Amino acid sequence: MTPVSSNVPHGQSSLRTVQVLGGGNAGSSAHVRSLAEGLVARGVRVTVCAPAEADHAYDFRGTGADHVPVPRSSDPAAVGRLRAACADADLVHAHGLHASFRAALALGGRTTPLVVTWHDRAHAEGARAHLLRLLERRVARTAAVVLGTSSALVDRARRTGARDARLGAMALPGRPRPAAEDPDRPAAKLRAELGATDRPLLLAVGSLDRHRGYHLLLDAARRWSGLDPQPLTLIAGEGPLRAELRQRITDEELPVRLLGVRDDVPDLLAAADLALLTSCGESRPLFAQEALHARVPLVATAVGGVPDLVGDAAALVPYGDPRALADTVTALLADPERRERLTERGIRQASGWPTEDDAVAQVLSIYDELTQPMALL
């Protein structure tokens with residue numbers, strides 16, 4: 001294998017890595033694109049194995065990396081395609097539990113080092129939860145290094161059997177914007193389009209899955225629906241709970257709109273008065289980071305890695321308590337000075353987060369450890 005510190009001028013590398021991404025949420029997909037761009041700029045040859053739709057959305061090839069379309073599947077054909085893509089790799093780096101499991105299968109019988117990043121904890125119930133625990137154990141024990149995006153995930157990896165688990169340096173890459181989108185789209189115009197010209201606008205972003213806590217958000221929205229002016233709550237995302245949430249919104253006449261998948265989240269944030277994160281578990285949520293960077297006051301559940309991520313720069317509420325959520329939102333809407341204090345704290349908090357250069361430097365250091373001749377003995 002080619003070590004990172006080979007005789008390449010100007011500190012660059014002739015290393016070849018394969019970055020493996022499954023379906024990928026917005027955070028992990030943006031992170032892989034950021035890593036690919038930073039690694040290519042430092043002379044690393046990068047191949048991204050990801051579904052075709054992920055490359056279409058995040059343009060991995062635009063970073064100078066190669067892209068091999070591999071579906072989000074563990075069937076023999078998909079694993080075989082991934083195995084072929086990894087044939088001459090010096091190191092494979094997989095992102096997310098399912099992508100990591102497929103990479104472990106593809107590398108079976110090979111000595112190629114595997115690094116995995118756990119961006120979030122997978123959520124499931126019943127028999128599927130047991131299957132996920134088995135996958136976690138297999139991945140943790142196979143990987144040379146497990147990077148967790150929160151200390152809770154690092155601890156989980158260690159308990160599951162990881163030989164080497166570390167906190168990953170995770171930056172906030174920008175969401176890709178469509179080429180035709182106007183970056184200067186006025187917030188007032190967007191508020192008018194959304195029907196929130198003279199009323200508070202609340203924004204939540206994330207897939208319509210059970211663990212996002214949107215059923216509790218609807219409970220809270222019913223409580224603040226009597227305010228004058230009545231706040232409008234927007235939920236940007238898609239998922240299996242759409243029909244159930246839509247039915248509740250209609251039946252209870254809630255001031256909530258389901259926007260579906262949006263590619264203008266930065267614009268939505270610029271128009272919002274408050275950002276809402278109501279999940280039962282998060283590690284390093286992209287939306288929370290975007291809210292603080294955008295100077296939008298954040299109300300979030302105090303779960304997982306969220307308290308460490310936001311510090312005192314957000315109003316934290318317990319998960320499962322819609323009354324606490326509603327009371328906190330109502331109090332913030334009535335207190336512009338507190339909202340301003342949160343935005344200022346948010347800027348200070350965000351200034352201490354890792355940069356994209358920090359993230360690239362960390363993985364390059366790990367790659368160097370694992371590809372040096374002594375590391376392979």
# chains A, B, ... in the order shown; residues from 1 in each chain; ligands from 1

$ residues_around --residues "A:Thr47" --least-positions-apart "5" --cutoff "9 Å" --atoms "only C-alpha atoms" --output "number ranges by chain"
A: 16-20, 36, 60-61, 65-68, 85-86, 89

$ write_last_selection --atoms "N, CA and C atoms" --output "tab-separated table (two decimals), in the first residue's frame"
chain	number	residue	atom	x	y	z
A	16	ARG	N	-4.62	6.36	-2.57
A	16	ARG	CA	-5.93	6.20	-3.21
A	16	ARG	C	-6.92	5.71	-2.17
A	17	THR	N	-7.97	6.49	-1.97
A	17	THR	CA	-9.02	6.11	-1.01
A	17	THR	C	-10.34	5.93	-1.74
A	18	VAL	N	-11.17	5.09	-1.14
A	18	VAL	CA	-12.55	4.95	-1.59
A	18	VAL	C	-13.45	5.41	-0.45
A	19	GLN	N	-14.31	6.36	-0.72
A	19	GLN	CA	-15.29	6.85	0.25
A	19	GLN	C	-16.63	6.18	-0.08
A	20	VAL	N	-17.21	5.48	0.87
A	20	VAL	CA	-18.44	4.72	0.65
A	20	VAL	C	-19.59	5.41	1.37
A	36	ALA	N	-13.98	14.78	0.08
A	36	ALA	CA	-13.46	14.49	-1.26
A	36	ALA	C	-12.75	15.71	-1.83
A	60	PHE	N	-20.19	14.84	-6.57
A	60	PHE	CA	-18.88	14.38	-6.11
A	60	PHE	C	-17.82	14.52	-7.20
A	61	ARG	N	-18.21	14.27	-8.43
A	61	ARG	CA	-17.25	14.39	-9.53
A	61	ARG	C	-16.77	15.82	-9.72
A	65	ALA	N	-13.08	14.03	-7.78
A	65	ALA	CA	-13.12	12.61	-7.43
A	65	ALA	C	-13.80	11.82	-8.53
A	66	ASP	N	-13.53	10.52	-8.56
A	66	ASP	CA	-14.29	9.62	-9.41
A	66	ASP	C	-15.55	9.20	-8.67
A	67	HIS	N	-16.57	8.85	-9.43
A	67	HIS	CA	-17.80	8.35	-8.81
A	67	HIS	C	-18.17	7.02	-9.43
A	68	VAL	N	-18.39	6.03	-8.57
A	68	VAL	CA	-18.88	4.72	-9.00
A	68	VAL	C	-20.27	4.55	-8.41
A	85	ALA	N	-14.67	-1.80	-6.98
A	85	ALA	CA	-14.22	-0.41	-6.86
A	85	ALA	C	-13.10	-0.25	-5.84
A	86	CYS	N	-13.09	-1.15	-4.84
A	86	CYS	CA	-12.08	-1.06	-3.78
A	86	CYS	C	-10.84	-1.90	-4.07
A	89	ALA	N	-7.56	0.07	-3.79
A	89	ALA	CA	-7.57	1.16	-2.81
A	89	ALA	C	-6.53	0.90	-1.73

$ residues_around --residues "stretch 336-339 of chain A" --least-positions-apart "4" --cutoff "7 Å" --atoms "only C-alpha atoms" --output "PDB file with N, CA, C and O atoms, in the first residue's frame"
ATOM      1  N   PRO A 297     -32.556  31.818  16.235  1.00  0.00           N
ATOM      2  CA  PRO A 297     -32.668  31.172  17.547  1.00  0.00           C
ATOM      3  C   PRO A 297     -33.193  29.742  17.406  1.00  0.00           C
ATOM      4  O   PRO A 297     -34.122  29.486  16.643  1.00  0.00           O
ATOM      5  N   LEU A 332     -40.161  32.621  23.856  1.00  0.00           N
ATOM      6  CA  LEU A 332     -39.159  33.216  22.963  1.00  0.00           C
ATOM      7  C   LEU A 332     -39.793  34.191  21.978  1.00  0.00           C
ATOM      8  O   LEU A 332     -39.237  35.257  21.695  1.00  0.00           O
ATOM      9  N   THR A 343     -28.893  34.364  19.450  1.00  0.00           N
ATOM     10  CA  THR A 343     -28.193  34.466  18.164  1.00  0.00           C
ATOM     11  C   THR A 343     -26.731  34.835  18.375  1.00  0.00           C
ATOM     12  O   THR A 343     -25.845  34.301  17.696  1.00  0.00           O
TER      13      THR A 343
END

$ atom_distance --atom1 "atom CA of A:Thr111" --atom2 "atom CA of A:Arg141"
14.2 Å

$ closest_residue --among "A:Thr63, A:Thr112, A:Ser28, A:Thr142" --to "A:Ala157" --atoms "only C-alpha atoms"
A:Thr142

$ select_by_dssp --residues "stretch 273-321 of chain A" --states "strand (DSSP E or B)" --output "ChimeraX atom specification"
/A:274-277,298-301,315-317

$ write_last_selection --atoms "C-alpha atoms" --output "compact mmCIF listing (two decimals), in the first residue's frame"
# COMPACT_ATOMS: atom_id res chain seq x y z
CA LEU A 274 -37.22 30.27 15.18
CA ALA A 275 -35.66 26.92 14.26
CA LEU A 276 -37.05 23.75 15.87
CA LEU A 277 -35.32 20.40 16.47
CA LEU A 298 -32.89 27.42 18.06
CA VAL A 299 -35.21 25.41 20.29
CA ALA A 300 -33.99 21.82 20.52
CA THR A 301 -34.51 18.66 22.52
CA ALA A 315 -33.13 26.81 24.30
CA LEU A 316 -33.12 23.13 25.27
CA VAL A 317 -36.24 21.19 26.24

$ closest_residue --among "A:Ala52, A:Ala361, A:Leu268, A:Leu218" --to "A:Leu35" --atoms "only C-alpha atoms"
A:Ala361

$ select_by_dssp --residues "stretch 108-280 of chain A" --states "helix (DSSP H, G or I)" --output "number ranges by chain"
A: 127-142, 151-160, 187-194, 210-212, 214-224, 242-251, 265-271

$ write_last_selection --atoms "C-alpha atoms" --output "PDB file, in the first residue's frame"
ATOM      1  CA  ALA A 127     -36.655  -7.161  15.419  1.00  0.00           C
ATOM      2  CA  ARG A 128     -35.042  -4.496  13.252  1.00  0.00           C
ATOM      3  CA  ALA A 129     -33.464  -2.909  16.334  1.00  0.00           C
ATOM      4  CA  HIS A 130     -31.825  -6.259  17.139  1.00  0.00           C
ATOM      5  CA  LEU A 131     -30.521  -6.476  13.550  1.00  0.00           C
ATOM      6  CA  LEU A 132     -29.032  -2.990  13.811  1.00  0.00           C
ATOM      7  CA  ARG A 133     -27.190  -3.965  16.995  1.00  0.00           C
ATOM      8  CA  LEU A 134     -25.703  -6.948  15.178  1.00  0.00           C
ATOM      9  CA  LEU A 135     -24.608  -4.711  12.302  1.00  0.00           C
ATOM     10  CA  GLU A 136     -23.037  -2.252  14.739  1.00  0.00           C
ATOM     11  CA  ARG A 137     -21.065  -5.054  16.390  1.00  0.00           C
ATOM     12  CA  ARG A 138     -19.836  -6.402  13.069  1.00  0.00           C
ATOM     13  CA  VAL A 139     -18.779  -2.981  11.814  1.00  0.00           C
ATOM     14  CA  ALA A 140     -17.170  -1.862  15.077  1.00  0.00           C
ATOM     15  CA  ARG A 141     -15.058  -5.013  15.317  1.00  0.00           C
ATOM     16  CA  THR A 142     -14.052  -4.977  11.655  1.00  0.00           C
ATOM     17  CA  SER A 151     -18.908  11.491  22.381  1.00  0.00           C
ATOM     18  CA  ALA A 152     -22.003   9.324  22.867  1.00  0.00           C
ATOM     19  CA  LEU A 153     -21.364   7.583  19.545  1.00  0.00           C
ATOM     20  CA  VAL A 154     -17.691   7.101  20.413  1.00  0.00           C
ATOM     21  CA  ASP A 155     -18.701   5.486  23.712  1.00  0.00           C
ATOM     22  CA  ARG A 156     -21.210   3.296  21.898  1.00  0.00           C
ATOM     23  CA  ALA A 157     -18.567   2.137  19.424  1.00  0.00           C
ATOM     24  CA  ARG A 158     -16.242   1.207  22.274  1.00  0.00           C
ATOM     25  CA  ARG A 159     -18.971  -0.720  24.089  1.00  0.00           C
ATOM     26  CA  THR A 160     -19.768  -2.524  20.847  1.00  0.00           C
ATOM     27  CA  ALA A 187     -36.438  36.712   2.993  1.00  0.00           C
ATOM     28  CA  ALA A 188     -39.515  38.971   2.846  1.00  0.00           C
ATOM     29  CA  LYS A 189     -40.447  37.596  -0.567  1.00  0.00           C
ATOM     30  CA  LEU A 190     -40.117  34.006   0.624  1.00  0.00           C
ATOM     31  CA  ARG A 191     -42.174  34.738   3.743  1.00  0.00           C
ATOM     32  CA  ALA A 192     -44.900  36.130   1.515  1.00  0.00           C
ATOM     33  CA  GLU A 193     -44.779  33.015  -0.686  1.00  0.00           C
ATOM     34  CA  LEU A 194     -45.138  30.844   2.420  1.00  0.00           C
ATOM     35  CA  ARG A 210     -40.853   8.578  13.977  1.00  0.00           C
ATOM     36  CA  HIS A 211     -37.609   9.501  15.757  1.00  0.00           C
ATOM     37  CA  ARG A 212     -37.868  13.124  14.567  1.00  0.00           C
ATOM     38  CA  TYR A 214     -42.944  15.543  14.763  1.00  0.00           C
ATOM     39  CA  HIS A 215     -45.988  14.055  16.504  1.00  0.00           C
ATOM     40  CA  LEU A 216     -44.867  16.011  19.584  1.00  0.00           C
ATOM     41  CA  LEU A 217     -44.273  19.086  17.454  1.00  0.00           C
ATOM     42  CA  LEU A 218     -47.896  18.903  16.296  1.00  0.00           C
ATOM     43  CA  ASP A 219     -49.002  18.595  19.925  1.00  0.00           C
ATOM     44  CA  ALA A 220     -47.043  21.740  20.715  1.00  0.00           C
ATOM     45  CA  ALA A 221     -48.377  23.552  17.634  1.00  0.00           C
ATOM     46  CA  ARG A 222     -51.900  22.944  18.875  1.00  0.00           C
ATOM     47  CA  ARG A 223     -50.939  24.757  22.095  1.00  0.00           C
ATOM     48  CA  TRP A 224     -49.499  27.831  20.386  1.00  0.00           C
ATOM     49  CA  ARG A 242     -46.353  12.110   5.693  1.00  0.00           C
ATOM     50  CA  ALA A 243     -49.891  10.730   5.451  1.00  0.00           C
ATOM     51  CA  GLU A 244     -50.257  10.390   9.221  1.00  0.00           C
ATOM     52  CA  LEU A 245     -48.974  13.928   9.880  1.00  0.00           C
ATOM     53  CA  ARG A 246     -51.059  15.386   7.058  1.00  0.00           C
ATOM     54  CA  GLN A 247     -54.186  13.770   8.480  1.00  0.00           C
ATOM     55  CA  ARG A 248     -53.562  15.219  11.918  1.00  0.00           C
ATOM     56  CA  ILE A 249     -52.875  18.686  10.506  1.00  0.00           C
ATOM     57  CA  THR A 250     -56.153  18.563   8.597  1.00  0.00           C
ATOM     58  CA  ASP A 251     -58.295  17.021  11.332  1.00  0.00           C
ATOM     59  CA  VAL A 265     -33.015  25.342   3.412  1.00  0.00           C
ATOM     60  CA  PRO A 266     -30.605  28.309   3.807  1.00  0.00           C
ATOM     61  CA  ASP A 267     -33.287  30.591   2.344  1.00  0.00           C
ATOM     62  CA  LEU A 268     -35.946  29.079   4.604  1.00  0.00           C
ATOM     63  CA  LEU A 269     -33.725  29.682   7.618  1.00  0.00           C
ATOM     64  CA  ALA A 270     -33.112  33.280   6.570  1.00  0.00           C
ATOM     65  CA  ALA A 271     -36.881  33.799   6.578  1.00  0.00           C
TER      66      ALA A 271
END
